[in-house]
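Visitor: The file below is run_25.cif, mmCIF, C-alpha atoms:
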```cif
data_work
#
loop_
_atom_site.label_atom_id
_atom_site.label_comp_id
_atom_site.auth_asym_id
_atom_site.auth_seq_id
_atom_site.Cartn_x
_atom_site.Cartn_y
_atom_site.Cartn_z
CA MET A 127 -14.11 25.22 -3.16
CA PHE A 128 -15.53 21.86 -4.29
CA ARG A 129 -12.00 20.52 -4.60
CA PHE A 130 -10.99 21.65 -1.10
CA ILE A 131 -14.10 20.19 0.55
CA ASN A 132 -13.82 16.86 -1.24
CA ASN A 133 -10.07 16.63 -0.48
CA LEU A 134 -10.87 17.23 3.19
CA LYS A 135 -13.54 14.52 3.12
CA THR A 136 -11.11 12.16 1.41
CA PHE A 137 -8.58 12.72 4.20
CA MET A 138 -11.29 12.03 6.78
CA LEU A 139 -12.28 8.80 5.07
CA LEU A 140 -8.70 7.55 4.85
CA ALA A 141 -8.10 8.50 8.49
CA GLY A 142 -11.32 6.73 9.45
CA LEU A 143 -10.18 3.58 7.66
CA MET A 144 -6.88 3.66 9.54
CA ALA A 145 -8.66 4.16 12.86
CA ILE A 146 -11.00 1.20 12.27
CA PHE A 147 -8.11 -1.12 11.41
CA VAL A 148 -6.12 -0.07 14.49
CA LEU A 149 -9.19 -0.36 16.73
CA VAL A 150 -9.91 -3.90 15.61
CA GLY A 151 -6.21 -4.80 15.71
CA SER A 152 -6.02 -3.69 19.34
CA TYR A 153 -8.07 -6.79 20.23
CA TRP A 154 -4.85 -8.78 19.78
CA GLY A 155 -2.71 -6.34 21.75
CA GLN A 156 0.29 -4.30 20.61
CA THR A 157 1.29 -6.77 17.90
CA GLY A 158 -2.24 -6.70 16.48
CA MET A 159 -2.23 -2.89 16.46
CA ILE A 160 1.09 -2.76 14.60
CA ILE A 161 -0.11 -5.26 12.00
CA ALA A 162 -3.40 -3.37 11.65
CA LEU A 163 -1.47 -0.10 11.25
CA PHE A 164 0.47 -1.53 8.32
CA LEU A 165 -2.69 -3.04 6.82
CA GLY A 166 -4.53 0.25 7.20
CA GLY A 167 -1.67 2.14 5.55
CA PHE A 168 -1.58 -0.35 2.70
CA MET A 169 -5.33 -0.04 2.21
CA ASN A 170 -5.04 3.77 2.15
CA VAL A 171 -2.51 3.54 -0.69
CA VAL A 172 -4.72 1.06 -2.55
CA ALA A 173 -7.83 3.20 -1.99
CA TYR A 174 -6.18 6.37 -3.29
CA PHE A 175 -4.26 5.05 -6.28
CA PHE A 176 -6.21 1.96 -7.34
CA SER A 177 -9.84 2.49 -6.29
CA ASP A 178 -10.82 3.38 -9.87
CA LYS A 179 -9.25 0.19 -11.22
CA ILE A 180 -11.02 -1.85 -8.54
CA ALA A 181 -14.36 -0.30 -9.47
CA LEU A 182 -13.86 -0.97 -13.18
CA ALA A 183 -12.66 -4.53 -12.53
CA THR A 184 -15.68 -5.24 -10.34
CA MET A 185 -17.93 -4.13 -13.19
CA ARG A 186 -15.82 -6.11 -15.72
CA ALA A 187 -15.68 -2.89 -17.71
CA GLN A 188 -13.47 -2.70 -20.78
CA PRO A 189 -12.03 0.39 -22.52
CA VAL A 190 -13.46 1.27 -25.91
CA SER A 191 -11.60 3.12 -28.63
CA PRO A 192 -12.88 5.94 -30.87
CA ASN A 193 -13.07 3.42 -33.70
CA GLU A 194 -15.19 1.03 -31.65
CA ALA A 195 -17.62 3.66 -30.33
CA PRO A 196 -17.27 6.82 -32.46
CA GLU A 197 -20.63 8.34 -31.49
CA ILE A 198 -20.02 7.92 -27.77
CA TYR A 199 -16.52 9.35 -28.09
CA GLN A 200 -17.86 12.34 -30.00
CA MET A 201 -20.41 13.07 -27.27
CA VAL A 202 -17.89 12.70 -24.44
CA ARG A 203 -15.24 14.78 -26.21
CA GLU A 204 -17.68 17.56 -27.14
CA LEU A 205 -19.05 17.85 -23.60
CA ALA A 206 -15.61 17.53 -21.97
CA VAL A 207 -14.29 20.42 -24.07
CA LYS A 208 -17.35 22.47 -23.19
CA ALA A 209 -16.80 21.71 -19.49
CA GLY A 210 -13.11 22.61 -19.71
CA LEU A 211 -11.98 19.08 -18.91
CA PRO A 212 -9.36 16.78 -20.43
CA MET A 213 -10.82 13.91 -22.43
CA PRO A 214 -11.64 11.08 -19.98
CA ARG A 215 -11.19 7.44 -20.90
CA VAL A 216 -14.38 5.67 -21.92
CA TYR A 217 -15.31 2.21 -20.64
CA VAL A 218 -18.32 -0.04 -21.26
CA ALA A 219 -19.51 -2.59 -18.70
CA PRO A 220 -21.15 -5.76 -20.08
CA THR A 221 -24.33 -5.67 -18.04
CA ALA A 222 -27.91 -5.21 -19.22
CA THR A 223 -28.71 -3.00 -16.22
CA PRO A 224 -28.88 0.59 -17.53
CA ASN A 225 -26.54 2.77 -15.46
CA ALA A 226 -23.36 4.85 -15.55
CA PHE A 227 -20.63 6.16 -13.27
CA ALA A 228 -17.40 8.17 -13.35
CA THR A 229 -14.23 7.32 -11.49
CA GLY A 230 -10.60 8.42 -11.15
CA ARG A 231 -8.56 10.38 -8.61
CA ASN A 232 -8.59 13.62 -10.64
CA PRO A 233 -9.72 14.94 -14.06
CA GLN A 234 -6.41 13.87 -15.62
CA HIS A 235 -7.07 10.23 -14.63
CA ALA A 236 -10.84 10.19 -15.07
CA VAL A 237 -13.02 7.49 -16.60
CA VAL A 238 -16.63 7.59 -17.75
CA CYS A 239 -18.15 4.11 -17.63
CA LEU A 240 -21.44 3.27 -19.35
CA THR A 241 -23.20 -0.06 -19.13
CA GLN A 242 -24.35 -1.85 -22.24
CA GLY A 243 -27.85 -1.55 -20.86
CA ILE A 244 -27.77 2.25 -20.84
CA LEU A 245 -26.55 2.30 -24.44
CA ASN A 246 -29.52 0.13 -25.41
CA THR A 247 -32.06 2.13 -23.37
CA LEU A 248 -31.45 5.86 -23.91
CA ASP A 249 -31.66 7.98 -27.03
CA ARG A 250 -28.82 10.28 -28.05
CA GLN A 251 -30.00 13.38 -26.17
CA GLU A 252 -30.71 11.44 -23.00
CA LEU A 253 -27.27 9.83 -23.16
CA ARG A 254 -25.69 13.29 -23.56
CA GLY A 255 -27.47 14.35 -20.38
CA VAL A 256 -26.11 11.34 -18.48
CA ILE A 257 -22.56 11.91 -19.75
CA ALA A 258 -22.78 15.59 -18.78
CA HIS A 259 -23.88 14.52 -15.28
CA GLU A 260 -20.83 12.26 -14.93
CA LEU A 261 -18.52 15.00 -16.23
CA SER A 262 -19.89 17.25 -13.49
CA HIS A 263 -18.73 14.73 -10.88
CA ILE A 264 -15.28 14.75 -12.52
CA LYS A 265 -15.10 18.55 -12.68
CA HIS A 266 -16.13 19.00 -9.06
CA TYR A 267 -13.85 16.22 -7.76
CA ASP A 268 -16.74 14.05 -6.59
CA VAL A 269 -15.26 10.97 -8.27
CA LEU A 270 -12.30 10.52 -5.92
CA ILE A 271 -14.38 10.68 -2.76
CA SER A 272 -17.11 8.38 -4.08
CA THR A 273 -14.70 5.74 -5.41
CA ILE A 274 -12.56 5.77 -2.26
CA ALA A 275 -15.70 5.49 -0.11
CA ALA A 276 -16.79 2.43 -2.07
CA THR A 277 -13.32 0.88 -1.77
CA ILE A 278 -13.19 1.51 1.99
CA ALA A 279 -16.62 -0.02 2.55
CA GLY A 280 -15.57 -3.02 0.49
CA ALA A 281 -12.32 -3.30 2.48
CA ILE A 282 -14.23 -3.30 5.76
CA SER A 283 -16.54 -6.02 4.45
CA ALA A 284 -13.51 -8.08 3.36
CA PHE A 285 -11.89 -7.51 6.76
CA VAL A 286 -14.99 -8.90 8.47
CA TYR A 287 -14.85 -11.93 6.17
CA LEU A 288 -11.17 -12.54 7.00
CA LEU A 289 -11.99 -12.58 10.71
CA TRP A 290 -13.78 -15.85 10.05
CA PHE A 291 -10.39 -17.53 9.69
CA VAL A 292 -8.84 -16.00 12.81
CA PRO A 293 -8.57 -18.69 15.49
CA VAL A 294 -10.31 -17.96 18.76
CA GLY A 295 -10.88 -20.12 21.81
CA SER A 296 -9.57 -23.66 22.08
CA SER A 297 -8.24 -25.63 19.17
CA ASP A 298 -11.18 -28.01 19.50
CA SER A 299 -13.72 -25.29 18.82
CA ARG A 300 -15.98 -25.84 15.88
CA GLY A 301 -17.83 -23.39 13.69
CA GLY A 302 -17.15 -19.81 12.73
CA ASN A 303 -15.37 -17.15 14.71
CA PRO A 304 -17.93 -15.31 16.87
CA LEU A 305 -15.96 -12.13 16.21
CA VAL A 306 -17.38 -12.19 12.70
CA ALA A 307 -20.94 -11.65 13.88
CA ILE A 308 -19.87 -8.93 16.32
CA ALA A 309 -17.66 -7.19 13.75
CA GLY A 310 -20.39 -7.41 11.12
CA ILE A 311 -22.93 -5.82 13.43
CA ILE A 312 -20.55 -3.02 14.44
CA LEU A 313 -18.49 -2.35 11.32
CA ALA A 314 -21.18 -2.46 8.62
CA PRO A 315 -23.06 0.55 10.06
CA ILE A 316 -19.72 2.31 10.62
CA ALA A 317 -18.80 1.77 6.96
CA ALA A 318 -22.22 3.03 5.88
CA GLY A 319 -21.92 5.98 8.23
CA LEU A 320 -18.54 6.95 6.80
CA ILE A 321 -19.98 6.94 3.30
CA GLN A 322 -23.10 8.86 4.35
CA MET A 323 -20.91 11.44 6.12
CA ALA A 324 -18.55 11.88 3.19
CA ILE A 325 -21.04 11.89 0.33
CA SER A 326 -23.69 14.58 0.31
CA ARG A 327 -26.97 13.70 -1.37
CA LYS A 328 -26.95 17.30 -2.65
CA ARG A 329 -24.11 16.42 -5.02
CA GLU A 330 -26.58 14.62 -7.29
CA TYR A 331 -28.75 17.73 -7.53
CA ASN A 332 -25.63 19.79 -8.28
CA ALA A 333 -24.51 17.35 -10.97
CA ASP A 334 -28.01 17.26 -12.51
CA ASN A 335 -28.08 21.04 -12.60
CA TYR A 336 -24.63 21.32 -14.13
CA ALA A 337 -25.54 18.71 -16.75
CA ALA A 338 -28.63 20.73 -17.70
CA GLU A 339 -26.44 23.81 -18.14
CA LEU A 340 -23.86 21.90 -20.16
CA VAL A 341 -26.33 20.43 -22.66
CA GLY A 342 -28.62 23.48 -22.59
CA ASP A 343 -31.73 21.56 -21.53
CA GLY A 344 -32.65 19.61 -18.40
CA MET A 345 -35.47 17.56 -19.90
CA PRO A 346 -33.33 14.89 -21.64
CA LEU A 347 -31.65 14.10 -18.31
CA ALA A 348 -35.03 14.08 -16.55
CA THR A 349 -36.45 11.49 -18.95
CA ALA A 350 -33.17 9.54 -18.79
CA LEU A 351 -33.40 9.36 -14.98
CA GLU A 352 -36.95 8.02 -15.19
CA LYS A 353 -35.91 5.35 -17.69
CA LEU A 354 -32.85 4.40 -15.66
CA HIS A 355 -34.83 4.16 -12.43
CA ALA A 356 -37.40 1.88 -14.07
CA GLY A 357 -34.66 -0.20 -15.69
CA ASN A 358 -32.79 -0.72 -12.43
CA GLN A 359 -36.00 -1.67 -10.64
CA ARG A 360 -36.70 -4.33 -13.27
CA ARG A 361 -33.12 -5.55 -13.54
CA PRO A 362 -31.04 -4.73 -10.42
CA MET A 363 -27.26 -4.63 -10.81
CA GLN A 364 -25.53 -8.00 -10.38
CA LEU A 365 -21.86 -7.15 -10.96
CA ALA A 366 -21.35 -4.43 -8.34
CA ASN A 367 -21.84 -4.68 -4.58
CA PRO A 368 -23.97 -2.41 -2.35
CA SER A 369 -20.97 -0.42 -1.09
CA GLN A 370 -20.48 0.88 -4.66
CA ALA A 371 -24.04 2.20 -5.01
CA ASN A 372 -22.95 5.81 -4.43
CA MET A 373 -20.90 5.80 -7.64
CA PHE A 374 -23.81 5.30 -10.04
CA ILE A 375 -26.12 7.94 -11.49
CA VAL A 376 -29.16 6.11 -10.03
CA GLU A 377 -29.42 3.50 -7.28
CA PRO A 378 -28.40 0.23 -8.98
CA PHE A 379 -29.97 -2.16 -6.48
CA SER A 380 -33.51 -2.95 -5.48
CA GLY A 381 -34.96 -4.78 -2.50
CA ARG A 382 -31.68 -5.34 -0.65
CA ASP A 383 -31.42 -4.31 2.99
CA LEU A 384 -27.67 -3.79 2.72
CA ALA A 385 -28.18 -1.62 -0.36
CA ASN A 386 -30.54 0.59 1.65
CA LEU A 387 -27.90 0.86 4.37
CA PHE A 388 -25.46 2.36 1.87
CA ALA A 389 -28.05 4.53 0.07
CA THR A 390 -26.64 7.94 -0.85
CA HIS A 391 -28.98 9.12 -3.63
CA PRO A 392 -32.02 11.38 -3.31
CA SER A 393 -35.11 9.90 -4.93
CA VAL A 394 -35.32 10.01 -8.71
CA GLU A 395 -38.77 11.58 -8.36
CA LYS A 396 -37.29 14.57 -6.51
CA ARG A 397 -34.42 14.90 -8.97
CA VAL A 398 -36.78 14.85 -11.95
CA LYS A 399 -39.06 17.37 -10.25
CA ALA A 400 -36.08 19.67 -9.68
CA LEU A 401 -35.01 19.42 -13.32
CA ILE A 402 -38.53 20.12 -14.57
CA GLY A 403 -38.81 23.06 -12.17
CA ARG A 404 -35.53 24.41 -13.45
CA GLU A 405 -36.76 24.36 -17.04
CA ARG A 406 -40.10 25.96 -16.16
CA THR A 407 -38.72 28.77 -14.01
CA GLY A 408 -35.32 29.17 -15.63
CA ARG A 409 -33.78 29.23 -12.15
CA VAL A 410 -30.83 27.18 -10.96
CA TYR A 411 -31.76 25.02 -7.97
#
```
As structure tokens, what does this structure read like?
Guide:
Amino acid sequence: MFRFINNLKTFMLLAGLMAIFVLVGSYWGQTGMIIALFLGGFMNVVAYFFSDKIALATMRAQPVSPNEAPEIYQMVRELAVKAGLPMPRVYVAPTATPNAFATGRNPQHAVVCLTQGILNTLDRQELRGVIAHELSHIKHYDVLISTIAATIAGAISAFVYLLWFVPVGSSDSRGGNPLVAIAGIILAPIAAGLIQMAISRKREYNADNYAAELVGDGMPLATALEKLHAGNQRRPMQLANPSQANMFIVEPFSGRDLANLFATHPSVEKRVKALIGRERTGRVY
């Protein structure tokens, strides 16, 4: 069921991307629409097959081997087996901001990425809770939709930037293309809306709950979320951009208007409260 719903949302996102490109291309008539159609199709291919690589490259993440990080590999392998998943690749991003995300178009091509900051911040049990949370996103096919959404939002932002170089008016005109301001005002909320539509905030509650089941205790993840929230408030993410915020286990930015526009996470306070309530009542939320 999760797979079907997320595949449907993925199709809607890719169709939405195509529609936006064609709509903007129509400004230059039939030729513009044809060019935009090809660009949109190209971006769909890139979003589906290479969005994970784009996300990892943006974070400057590097793969680590079992010899380089034996304890991390042991945790990931143990929890992946327990979840009935193939062993994902493990990457580490060289940033002091404590956070984590999963990416990949399916469980067979999945990646769990941890920042250096999270490895320095959490204890072993808390880290197991975080890894279990990311494996939940892989198991329930959340990773494809979230990574594609981030890629599409980034593509729209890049498209707006490229409009700056499109000539408009007379050749003597000076300054930037006024289309940029108009496109930025219109397309940024559309990009945010597409992500908000495609990514349910409930998925984080579901992943938290599954992680608690997988490790047998929700409290390590609850304390991990509190530490991560505090760490990201003190040291907001610098490598990623706001359109990628949905991929991380907690909001990686702080005090940015654009980051708020792309916000897709419920508050950490509510997530922690749900985990604590789960442990006290023994009920799945």
Visitor: Calculated over all atoms listed in the file, which of the candidates A:Ala356, A:Val394, A:Ala145, A:Leu347 has the smallest distance to Phe164 (chain A)?
Guide: A:Ala145
Visitor: What does the distance between CA of Tyr267 (chain A) and CA of Tyr174 (chain A) come to in Å, to one decimal place?
Guide: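 Result for CA of Tyr267 (chain A) versus CA of Tyr174 (chain A): 13.3 Å, one decimal.
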Visitor: List as a list in words the protein and nucleic acid residues near region 186-188 of chain A, meaning an atom at most 7 Å away when only C-alpha atoms are counted, but skip any in the same chain fewer than 3 places from it.
Guide: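 Result of the neighbour search: Leu182, Ala183, Tyr217, Val218, Ala219 and Pro220 of chain A.
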Visitor: Find the distance between CA of Val237 (chain A) and CA of Ala141 (chain A) and write it in Å to one decimal.
Guide: 25.6 Å
Visitor: Using all atoms listed in the file, I'd like a table of the residues in region 223-279 of chain A that come within 8 Å of region 350-355 of chain A; for each, show the closest atom pair and its distance in Å rounded to one decimal, ordered by chain and ascending number, as a Markdown table.
Guide:
```
| residue | atom | partner | partner_atom | distance |
| --- | --- | --- | --- | --- |
| A:Pro224 | CA | A:Leu354 | CA | 5.8 |
| A:Asn225 | CA | A:Leu354 | CA | 6.5 |
| A:Ile244 | CA | A:Leu354 | CA | 7.6 |
| A:Thr247 | CA | A:Lys353 | CA | 7.6 |
| A:Leu248 | CA | A:Ala350 | CA | 6.5 |
| A:Glu252 | CA | A:Ala350 | CA | 5.2 |
| A:Leu253 | CA | A:Ala350 | CA | 7.3 |
| A:Gly255 | CA | A:Ala350 | CA | 7.6 |
| A:Val256 | CA | A:Ala350 | CA | 7.3 |
```
Visitor: Grab the CA of Pro368 (chain A) to CA of Thr277 (chain A) distance for me, in Å with one decimal place.
Guide: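 About the pair CA of Pro368 (chain A) and CA of Thr277 (chain A): they are 11.2 Å apart.
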Visitor: With distances taken over only C-alpha atoms, which residue among A:Ile264, A:Ala209, A:Met363, A:Met345 lies nearest Gln234 (chain A)?
Guide: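 Closest to Gln234 (chain A) of all the choices is A:Ile264.
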Visitor: Can you spell out as JSON, numbers by chain the set of residues that the PyMOL selection byres ((chain A and resi 197) around 12) selects in the structure I just provided?
Guide: {"A": [190, 191, 192, 193, 194, 195, 196, 198, 199, 200, 201, 202, 203, 204, 216, 245, 249, 250, 251, 253, 254]}
Visitor: Would you mind listing what lies within 12 Å of Ile180 (chain A) as a ChimeraX atom specification, with all atoms listed in the file counted and same-chain residues fewer than 5 positions away left out?
Guide: /A:172-175,185-187,229-230,273-274,276-278,280-281,366-367,370
Visitor: In terms of the shortest atom-to-atom distance over all atoms listed in the file, which of A:Ile402, A:Ala371, A:Met169, A:Val207 is closest to Thr349 (chain A)?
Guide: A:Ile402
Visitor: Out of A:Gly210, A:Gly403, A:Pro189, A:Pro346, which residue has the shortest atom-to-atom distance to Thr241 (chain A) when counting all atoms listed in the file?
Guide: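 Smallest distance to Thr241 (chain A) is found for A:Pro189.
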Visitor: My list of candidates is A:Met373, A:Ala181, A:Met144, A:Ala333. Which is closest to Ile257 (chain A) when distances are computed with only C-alpha atoms?
Guide: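 Checking each candidate against Ile257 (chain A), we get A:Ala333 as the closest.
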Visitor: Could you put an axis-aligned box around every listed atom of region 397-407 of chain A, padded by 6 Å on each side, and send me its centre and edge lengths in Å to one decimal, as lines of an AutoDock Vina configuration file?
Guide:
```
center_x = -37.3
center_y = 21.8
center_z = -13.0
size_x = 17.7
size_y = 25.9
size_z = 20.1
```
Visitor: Which is closest to Lys399 (chain A) among A:Asn335, A:Asn372, A:Ser262, A:Gln364, if we use all atoms listed in the file?
Guide: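 Among the listed residues, A:Asn335 lies closest to Lys399 (chain A).
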Visitor: Might you spell out which residues the PyMOL selection byres ((chain A and resi 332) around 12) would select in the displayed file, as a ChimeraX atom specification?
Guide: /A:128,258-263,265-266,268,326-331,333-339,392,397,400-401,410-411
Visitor: Identify, on the basis of all atoms listed in the file, every residue whose closest approach to Ala226 (chain A) does not exceed 7 Å; exclude the query and any residue fewer than 3 positions from it along the same chain; express the result as a PDB file with C-alpha atoms, in the coordinates of the input.
Guide:
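New file result22.pdb:
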```pdb
ATOM      1  CA  CYS A 239     -18.150   4.110 -17.630  1.00  0.00           C
ATOM      2  CA  LEU A 240     -21.440   3.270 -19.350  1.00  0.00           C
ATOM      3  CA  THR A 241     -23.200  -0.060 -19.130  1.00  0.00           C
ATOM      4  CA  PHE A 374     -23.810   5.300 -10.040  1.00  0.00           C
ATOM      5  CA  ILE A 375     -26.120   7.940 -11.490  1.00  0.00           C
TER       6      ILE A 375
END
```
